[in-house]
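S.K.: Here you go, this is run_1.tsv (TSV, C-alpha atoms).
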```
chain	number	residue	atom	x	y	z
U	1	MET	CA	153.45	99.69	95.53
U	2	SER	CA	153.68	96.07	96.67
U	3	THR	CA	157.07	94.45	97.06
U	4	PRO	CA	158.02	92.50	93.92
U	5	ALA	CA	157.76	88.78	94.51
U	6	HIS	CA	161.42	88.10	93.73
U	7	THR	CA	162.60	90.54	96.44
U	8	ARG	CA	160.57	89.06	99.31
U	9	VAL	CA	162.14	87.29	102.26
U	10	ASP	CA	163.23	83.81	101.19
U	11	SER	CA	160.44	81.39	102.04
U	12	GLY	CA	162.42	78.24	101.29
U	13	TRP	CA	160.56	77.92	97.98
U	14	ALA	CA	162.48	78.57	94.77
U	15	LEU	CA	162.74	77.89	91.07
U	16	ARG	CA	166.21	76.76	90.06
U	17	PHE	CA	166.83	77.44	86.37
U	18	LEU	CA	168.82	74.60	84.85
U	19	GLY	CA	168.98	76.46	81.55
U	20	VAL	CA	167.68	79.75	80.18
U	21	GLY	CA	168.49	79.70	76.47
U	22	SER	CA	166.53	79.56	73.27
U	23	SER	CA	166.91	76.47	71.10
U	24	ALA	CA	169.93	78.05	69.38
U	25	ALA	CA	171.67	79.22	72.58
U	26	VAL	CA	173.23	75.93	73.65
U	27	GLU	CA	175.74	77.71	75.87
U	28	LEU	CA	172.85	78.97	78.03
U	29	GLY	CA	171.32	75.50	78.45
U	30	SER	CA	167.89	74.14	77.55
U	31	ALA	CA	165.12	76.24	79.10
U	32	SER	CA	164.06	74.33	82.21
U	33	ALA	CA	163.42	74.95	85.91
U	34	VAL	CA	163.03	72.88	89.05
U	35	LEU	CA	160.64	73.79	91.85
U	36	GLU	CA	162.51	73.38	95.14
U	37	HIS	CA	161.43	73.50	98.77
U	38	ASP	CA	164.27	73.93	101.26
U	39	GLY	CA	166.68	72.80	98.56
U	40	ARG	CA	164.78	69.59	97.80
U	41	PRO	CA	163.60	69.15	94.18
U	42	LEU	CA	159.83	68.70	93.91
U	43	LEU	CA	159.09	69.10	90.20
U	44	MET	CA	161.22	69.49	87.08
U	45	ILE	CA	159.70	71.58	84.29
U	46	ASP	CA	160.77	70.32	80.83
U	47	CYS	CA	163.65	68.00	80.02
U	48	GLY	CA	165.85	69.19	77.18
U	49	GLY	CA	169.20	67.50	76.67
U	50	GLU	CA	171.29	70.13	78.45
U	51	ALA	CA	168.63	70.44	81.16
U	52	LEU	CA	168.82	66.77	82.11
U	53	THR	CA	172.62	66.98	82.26
U	54	ALA	CA	172.36	70.01	84.57
U	55	TYR	CA	169.75	68.27	86.75
U	56	LEU	CA	171.89	65.17	87.24
U	57	LYS	CA	174.96	67.27	87.99
U	58	HIS	CA	173.16	69.37	90.60
U	59	TYR	CA	170.93	66.78	92.31
U	60	GLY	CA	172.91	63.59	91.69
U	61	GLU	CA	169.96	61.45	90.60
U	62	PRO	CA	167.14	61.49	88.01
U	63	PRO	CA	163.97	63.48	88.69
U	64	LEU	CA	160.98	61.80	90.33
U	65	ALA	CA	158.44	64.25	88.90
U	66	LEU	CA	158.36	66.11	85.60
U	67	PHE	CA	155.94	68.51	83.87
U	68	ILE	CA	156.19	68.92	80.10
U	69	THR	CA	155.11	72.25	78.57
U	70	HIS	CA	155.30	71.17	74.91
U	71	ALA	CA	157.03	68.75	72.56
U	72	HIS	CA	159.77	70.78	70.89
U	73	LEU	CA	163.05	68.92	71.17
U	74	ASP	CA	164.86	71.56	73.21
U	75	HIS	CA	162.23	70.80	75.89
U	76	ILE	CA	162.00	67.00	75.60
U	77	GLY	CA	165.35	66.03	74.05
U	78	GLY	CA	166.67	64.57	77.31
U	79	MET	CA	163.79	62.17	77.78
U	80	GLU	CA	165.25	59.28	75.80
U	81	ARG	CA	168.27	59.35	78.11
U	82	LEU	CA	165.95	59.69	81.09
U	83	PHE	CA	164.04	56.60	79.91
U	84	PHE	CA	167.22	54.49	80.09
U	85	ALA	CA	168.22	55.93	83.48
U	86	LEU	CA	164.81	54.99	84.90
U	87	TYR	CA	164.01	51.75	83.09
U	88	PHE	CA	167.23	49.96	84.01
U	89	ASP	CA	166.94	50.94	87.68
U	90	GLU	CA	164.25	48.75	89.23
U	91	ALA	CA	163.92	51.10	92.22
U	92	ARG	CA	163.03	53.98	89.87
U	93	ARG	CA	161.25	52.24	87.00
U	94	GLY	CA	157.66	53.51	86.73
U	95	ARG	CA	158.04	55.92	89.65
U	96	CYS	CA	158.78	59.18	87.80
U	97	ARG	CA	155.45	61.03	87.72
U	98	LEU	CA	155.16	62.51	84.24
U	99	TYR	CA	152.53	65.26	84.11
U	100	VAL	CA	151.63	66.03	80.49
U	101	PRO	CA	148.79	68.18	79.11
U	102	ALA	CA	146.36	65.74	77.51
U	103	THR	CA	146.64	67.27	74.03
U	104	VAL	CA	150.45	66.99	74.19
U	105	VAL	CA	150.42	63.24	74.96
U	106	PRO	CA	149.91	62.24	71.27
U	107	LEU	CA	152.81	64.51	70.30
U	108	LEU	CA	155.09	62.82	72.82
U	109	GLN	CA	153.86	59.45	71.59
U	110	ALA	CA	154.80	60.39	68.04
U	111	ARG	CA	158.16	61.92	68.88
U	112	LEU	CA	159.40	59.57	71.59
U	113	ALA	CA	157.40	56.37	71.93
U	114	ASP	CA	156.60	55.30	68.36
U	115	TYR	CA	160.10	54.31	67.33
U	116	PRO	CA	159.90	50.56	66.57
U	117	GLY	CA	161.30	48.80	69.59
U	118	VAL	CA	162.34	51.07	72.43
U	119	LEU	CA	164.92	48.39	73.32
U	120	ALA	CA	166.75	46.35	70.68
U	121	GLU	CA	166.02	43.16	72.58
U	122	GLY	CA	162.32	44.02	72.96
U	123	GLY	CA	160.23	43.43	76.06
U	124	ALA	CA	159.71	47.09	76.98
U	125	ASN	CA	157.31	49.90	76.17
U	126	TRP	CA	158.37	53.53	76.29
U	127	TRP	CA	155.86	54.39	79.00
U	128	ASP	CA	157.03	51.56	81.29
U	129	ALA	CA	159.71	53.87	82.68
U	130	PHE	CA	157.21	56.56	83.73
U	131	GLN	CA	153.95	57.05	85.57
U	132	LEU	CA	152.10	59.03	82.91
U	133	ILE	CA	149.48	61.44	84.30
U	134	PRO	CA	147.57	63.33	81.57
U	135	VAL	CA	146.35	66.71	82.82
U	136	SER	CA	144.03	69.45	81.60
U	137	ARG	CA	143.34	72.37	83.96
U	138	GLY	CA	145.75	71.22	86.64
U	139	PHE	CA	147.00	68.45	88.88
U	140	TRP	CA	147.92	67.62	92.47
U	141	HIS	CA	151.54	67.01	93.34
U	142	ALA	CA	153.33	66.92	96.71
U	143	GLY	CA	150.15	68.07	98.43
U	144	ARG	CA	149.84	71.19	96.24
U	145	GLN	CA	147.42	72.03	93.46
U	146	PHE	CA	149.19	73.20	90.30
U	147	GLU	CA	147.32	75.03	87.55
U	148	VAL	CA	147.90	74.46	83.82
U	149	PHE	CA	146.95	76.97	81.15
U	150	PRO	CA	147.32	77.23	77.36
U	151	CYS	CA	149.93	79.58	75.98
U	152	ARG	CA	150.55	80.94	72.48
U	153	HIS	CA	153.28	78.91	70.79
U	154	HIS	CA	152.76	77.51	67.29
U	155	ALA	CA	149.47	75.59	66.98
U	156	PRO	CA	146.67	75.92	69.56
U	157	ASP	CA	146.55	73.32	72.33
U	158	THR	CA	150.16	72.24	71.82
U	159	ALA	CA	151.96	74.35	74.47
U	160	PHE	CA	151.10	75.13	78.08
U	161	GLY	CA	152.28	77.05	81.11
U	162	LEU	CA	152.24	76.19	84.80
U	163	ALA	CA	151.27	78.12	87.93
U	164	LEU	CA	151.29	77.61	91.68
U	165	ARG	CA	148.93	80.06	93.33
U	166	GLY	CA	150.63	82.66	95.50
U	167	SER	CA	154.07	81.56	94.35
U	168	PHE	CA	154.95	81.57	90.65
U	169	VAL	CA	153.84	81.41	87.04
U	170	TYR	CA	156.06	79.68	84.48
U	171	SER	CA	155.00	80.78	81.03
U	172	GLY	CA	156.62	78.10	78.89
U	173	ASP	CA	157.43	79.13	75.33
U	174	THR	CA	154.87	81.72	74.35
U	175	ARG	CA	153.82	84.96	72.75
U	176	PRO	CA	152.36	87.46	75.27
U	177	ILE	CA	149.54	85.99	77.37
U	178	PRO	CA	147.92	88.89	79.27
U	179	GLU	CA	144.62	86.98	79.43
U	180	GLN	CA	146.36	84.31	81.51
U	181	LEU	CA	148.64	86.49	83.65
U	182	ALA	CA	145.68	88.63	84.73
U	183	ARG	CA	144.60	85.68	86.89
U	184	TYR	CA	147.81	85.90	88.96
U	185	PRO	CA	148.12	89.34	90.60
U	186	GLU	CA	151.03	88.67	92.98
U	187	GLU	CA	153.03	85.69	91.76
U	188	THR	CA	156.57	85.84	90.37
U	189	LEU	CA	156.27	85.70	86.56
U	190	ALA	CA	158.97	83.54	84.98
U	191	HIS	CA	158.51	84.43	81.32
U	192	ASP	CA	159.86	83.46	77.91
U	193	CYS	CA	161.43	86.63	76.48
U	194	GLY	CA	164.12	87.47	73.96
U	195	LEU	CA	165.59	90.80	73.06
U	196	ARG	CA	163.38	90.72	69.97
U	197	GLY	CA	160.12	88.86	69.53
U	198	ASN	CA	159.07	86.58	66.70
U	199	PRO	CA	155.90	84.67	65.71
U	200	SER	CA	156.53	82.02	68.41
U	201	HIS	CA	158.23	83.90	71.27
U	202	THR	CA	157.85	87.10	73.27
U	203	GLY	CA	160.27	90.01	72.91
U	204	LEU	CA	160.88	93.09	75.03
U	205	ASP	CA	158.79	95.20	72.65
U	206	ASP	CA	155.86	92.82	73.27
U	207	ILE	CA	156.36	93.00	77.05
U	208	GLU	CA	156.35	96.80	77.03
U	209	ARG	CA	153.33	97.00	74.73
U	210	GLU	CA	151.08	94.38	76.38
U	211	TYR	CA	152.01	94.18	80.08
U	212	PRO	CA	151.45	96.99	82.59
U	213	GLN	CA	154.32	98.25	84.72
U	214	ALA	CA	153.08	96.40	87.82
U	215	TRP	CA	153.39	93.10	85.95
U	216	ARG	CA	156.82	93.99	84.53
U	217	GLU	CA	158.14	94.47	88.07
U	218	ARG	CA	157.35	90.81	88.81
U	219	LEU	CA	158.99	89.41	85.67
U	220	ALA	CA	162.02	87.13	85.62
U	221	LEU	CA	163.03	86.48	82.01
U	222	TYR	CA	164.45	83.34	80.41
U	223	HIS	CA	164.63	81.67	76.95
U	224	TYR	CA	166.75	84.35	75.27
U	225	GLY	CA	169.14	84.11	72.36
U	226	SER	CA	172.62	84.80	73.73
U	227	ALA	CA	174.54	86.07	76.74
U	228	ALA	CA	174.83	89.43	74.96
U	229	ASP	CA	171.06	89.61	74.54
U	230	GLY	CA	170.65	88.89	78.24
U	231	GLU	CA	172.98	91.75	79.15
U	232	ALA	CA	171.08	94.09	76.82
U	233	MET	CA	167.80	93.22	78.55
U	234	ARG	CA	169.36	93.75	81.98
U	235	ALA	CA	170.59	97.14	80.83
U	236	ARG	CA	166.96	98.06	80.16
U	237	GLY	CA	166.05	97.33	83.77
U	238	TYR	CA	164.72	93.77	83.60
U	239	ARG	CA	165.58	90.81	85.77
U	240	VAL	CA	167.15	88.28	83.42
U	241	LEU	CA	167.92	84.81	84.71
U	242	ALA	CA	171.25	83.03	84.32
U	243	PRO	CA	171.93	79.29	83.98
U	244	GLY	CA	171.89	77.64	87.40
U	245	GLU	CA	170.30	80.65	89.09
U	246	ARG	CA	168.04	80.08	92.09
U	247	LEU	CA	164.98	82.36	91.98
U	248	ALA	CA	163.34	82.65	95.40
U	249	VAL	CA	159.54	82.70	95.23
U	250	ALA	CA	156.83	83.19	97.83
U	251	ALA	CA	155.38	80.21	99.65
U	252	PRO	CA	152.36	78.91	97.73
U	253	ALA	CA	148.85	79.67	98.91
U	254	PRO	CA	147.28	76.82	100.89
U	255	SER	CA	145.69	74.18	98.70
U	256	THR	CA	142.34	72.76	99.76
U	257	LEU	CA	142.03	68.99	99.67
U	258	PRO	CA	138.58	67.71	98.70
U	259	ALA	CA	136.43	66.13	101.38
U	260	GLY	CA	137.72	62.68	102.17
U	261	GLY	CA	140.96	63.39	100.21
```
Output the file's structure in the form of structure tokens.

M.R.:
Amino acid sequence: MSTPAHTRVDSGWALRFLGVGSSAAVELGSASAVLEHDGRPLLMIDCGGEALTAYLKHYGEPPLALFITHAHLDHIGGMERLFFALYFDEARRGRCRLYVPATVVPLLQARLADYPGVLAEGGANWWDAFQLIPVSRGFWHAGRQFEVFPCRHHAPDTAFGLALRGSFVYSGDTRPIPEQLARYPEETLAHDCGLRGNPSHTGLDDIEREYPQAWRERLALYHYGSAADGEAMRARGYRVLAPGERLAVAAPAPSTLPAGG
């Protein structure tokens, strides 16, 4: 049997989990992670209110790159505060690369940018604070090619996961997605999972029904309902992430730049 990804020698690459809770588990923080290399933040995944607070506390400054999985408020609720932190700092204004699945952009527009007058005094658009980069199958960031895939959360084409070949898969909020995980035979699988599933989220019963044992050995679970639920899942032999935990992952596979790129 191969060595599970989360037990390999530390490569310097890691996912730091700013929060691991469901929308109701405020004490566990908004579900969010930061891809780090040698302790340096490269990409924040989602920006709930508690997640942004945790990011600023840990890194001391706002993120310069952010991927949004979907538009539920526990995943984007910190972005209004992030707008103000970026817009009123001329050195940062327009520099935060905001990677958003193309079908999610209208949802962000409706939830964040359509309020009449982002500033009371006028003169600003919501998107002025960011460098918006709509994505579909993937995107390039920091010299690496990230892959984006649809997951199963509420309506089709509204929620997405993220992968970095050879390193990790981040499921985002989802029901089981074996058709997607089959494409990643060795990566660490950071996966939405509660003690019990529901029509929008995966539960342990779903994991054990739909994922083979080899996949379950690579799982690291987040987005659960309470500290007690987390302990119950650990007692059943699963790796369950805690707020602030650093999850070491393998170095990503080399990305190939296109000719002339």

S.K.: Which one of U:Arg93, U:His201, U:Arg218, U:Arg196 sits closest to Ser167 of chain U if you count all atoms listed in the file?

M.R.: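 Closest candidate: U:Arg218.
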
S.K.: Measuring atom to atom with all atoms listed in the file, identify which of U:Ala25, U:Val148, U:Ala110, U:Ala33 is nearest to Tyr224 of chain U.

M.R.: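 Closest to Tyr224 of chain U, using all atoms listed in the file: U:Ala25.
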
S.K.: Which value, in Å to one decimal, gives the distance between atom CA of Val100 of chain U and atom CA of Asp74 of chain U?

M.R.: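 It comes out at 16.1 Å.
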
S.K.: When you draw a straight line from atom CA of Gly49 of chain U to atom CA of Ser30 of chain U, how long is it in Å?

M.R.: 6.8 Å

S.K.: Counting only C-alpha atoms, figure out which residue out of U:His223, U:Arg137, U:Arg40, U:Arg81 gets nearest to Thr103 of chain U.

M.R.: U:Arg137
